[in-house]
Structure formats: structure tokens, C-alpha cells
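Visitor: Next up is a structure, given as C-alpha cells.
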Amino acid sequence: MSVRTHTAVLSVSPATGTWRVFVTVPKTVGPWPEHVIGTRQIPVPAARTAALALLGYEGVEGAEWQWCEDTTDHGGPVRLLAGLAVRERAGGVA
């Protein structure tokens, strides 16, 4: 049986300026799982792992956070984003 993977995205909320992590779950109805980390500093890896665990996900073995800049708002600030391949945790939500 193959493991279904998703992408976790780490980004700054434009409304609050605090970091959040959400998991993209295509072809679902309703909001994607999201956790507000609540800091204006880039969350350390342990905080990211804990946030994913609260959502019931974990990084895929060997996966690393991939960082990029979002420049879609021409003339606006550059936003930092990170993505990580994740899978559902055995046992679900922490």
C-alpha cells in the first residue's frame, strides 16, 4: 500500500504577521488543516514539527523544508514561504 503524501506550507499571515503552517489536501471539502504558530520569528524546526503533529501529520522520511520567496504581489513586500512533503501520522492527530 502506498503512502499518500501532501505538502505542508509554512507562511506568514498577512493579517497578523505571525507564522502558520497548513497542509494542502486537494479534492477535499472544507478548510485545509491549519495551525497558527503565533510568532513573528521564523519558527525553529521543533516548533514546525510540533505544529504538524497537532494537525496529525509528519514529514516524509528524508524530506527537508524547501524555502522560496513569493513575489506575486508586484511592488509589495517579498514573502518567505517553505514547503515540506508530509504524510498522515500513524494514530492521527496528536
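Convention: chains lettered A, B, ... in C-alpha cells order; per-chain residue numbering from 1; ligands numbered from 1 as shown.
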Give me the residues of stretch 57-91 of chain A that have any atom at most 7 Å from an atom of stretch 8-11 of chain A; for each, the nearest atom pair and the distance in Å, rounded to one decimal. Use only C-alpha atoms, sort by chain and number, and format it as a tab-separated table.

Guide:
```
residue	atom	partner	partner_atom	distance
A:Leu80	CA	A:Ser11	CA	6.6
A:Leu81	CA	A:Ser11	CA	5.0
A:Ala82	CA	A:Leu10	CA	5.0
A:Gly83	CA	A:Val9	CA	4.6
A:Leu84	CA	A:Ala8	CA	5.1
A:Ala85	CA	A:Ala8	CA	6.3
A:Val86	CA	A:Ala8	CA	6.3
```

Visitor: Could you save the residues just selected, with C-alpha atoms, as a PDB file, in the first residue's frame?

Guide:
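Output file part.pdb follows:
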```
ATOM      1  CA  LEU A  80       9.062  33.938   2.620  1.00  0.00           C
ATOM      2  CA  LEU A  81       7.422  30.517   2.204  1.00  0.00           C
ATOM      3  CA  ALA A  82       8.555  26.988   2.975  1.00  0.00           C
ATOM      4  CA  GLY A  83       7.183  23.633   1.893  1.00  0.00           C
ATOM      5  CA  LEU A  84       7.669  20.095   3.184  1.00  0.00           C
ATOM      6  CA  ALA A  85       6.405  16.731   1.934  1.00  0.00           C
ATOM      7  CA  VAL A  86       4.269  15.225   4.725  1.00  0.00           C
TER       8      VAL A  86
END
```

Visitor: In Å, with one decimal, what is the gap from atom CA of A:Arg40 to atom CA of A:Arg20?

Guide: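 Computed distance, atom CA of A:Arg40 to atom CA of A:Arg20, equals 9.9 Å.
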
Visitor: If you count only C-alpha atoms, which residues fall within 7 Å of A:Thr24, apart from same-chain ones fewer than 3 positions away, as a list in words?

Guide: His6, Thr7, Ala8 and Trp32 of chain A

Visitor: Kindly save the residues from that selection, with N, CA, C and O atoms included, as a PDB file, in the first residue's frame.

Guide:
```pdb
ATOM      1  N   HIS A   6       1.246  14.757   1.111  1.00  0.00           N
ATOM      2  CA  HIS A   6       0.704  16.092   0.903  1.00  0.00           C
ATOM      3  C   HIS A   6       1.857  17.080   1.052  1.00  0.00           C
ATOM      4  O   HIS A   6       2.974  16.689   1.360  1.00  0.00           O
ATOM      5  N   THR A   7       1.556  18.347   0.908  1.00  0.00           N
ATOM      6  CA  THR A   7       2.561  19.382   1.134  1.00  0.00           C
ATOM      7  C   THR A   7       2.129  20.249   2.298  1.00  0.00           C
ATOM      8  O   THR A   7       0.997  20.737   2.330  1.00  0.00           O
ATOM      9  N   ALA A   8       3.032  20.408   3.257  1.00  0.00           N
ATOM     10  CA  ALA A   8       2.816  21.364   4.344  1.00  0.00           C
ATOM     11  C   ALA A   8       3.453  22.676   3.899  1.00  0.00           C
ATOM     12  O   ALA A   8       4.539  22.681   3.320  1.00  0.00           O
ATOM     13  N   TRP A  32      -8.452  23.441   4.739  1.00  0.00           N
ATOM     14  CA  TRP A  32      -7.311  22.562   4.960  1.00  0.00           C
ATOM     15  C   TRP A  32      -6.881  22.679   6.416  1.00  0.00           C
ATOM     16  O   TRP A  32      -7.074  23.718   7.057  1.00  0.00           O
TER      17      TRP A  32
END
```

Visitor: Record the distance separating atom CA of A:Ala47 and atom CA of A:Pro33, expressed in Å with one decimal.

Guide: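 It comes out at 16.3 Å.
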
Visitor: When you count only C-alpha atoms, which of these residues is closest to A:Arg48: A:Arg4, A:Pro26, A:Trp19, A:Glu61?

Guide: A:Trp19
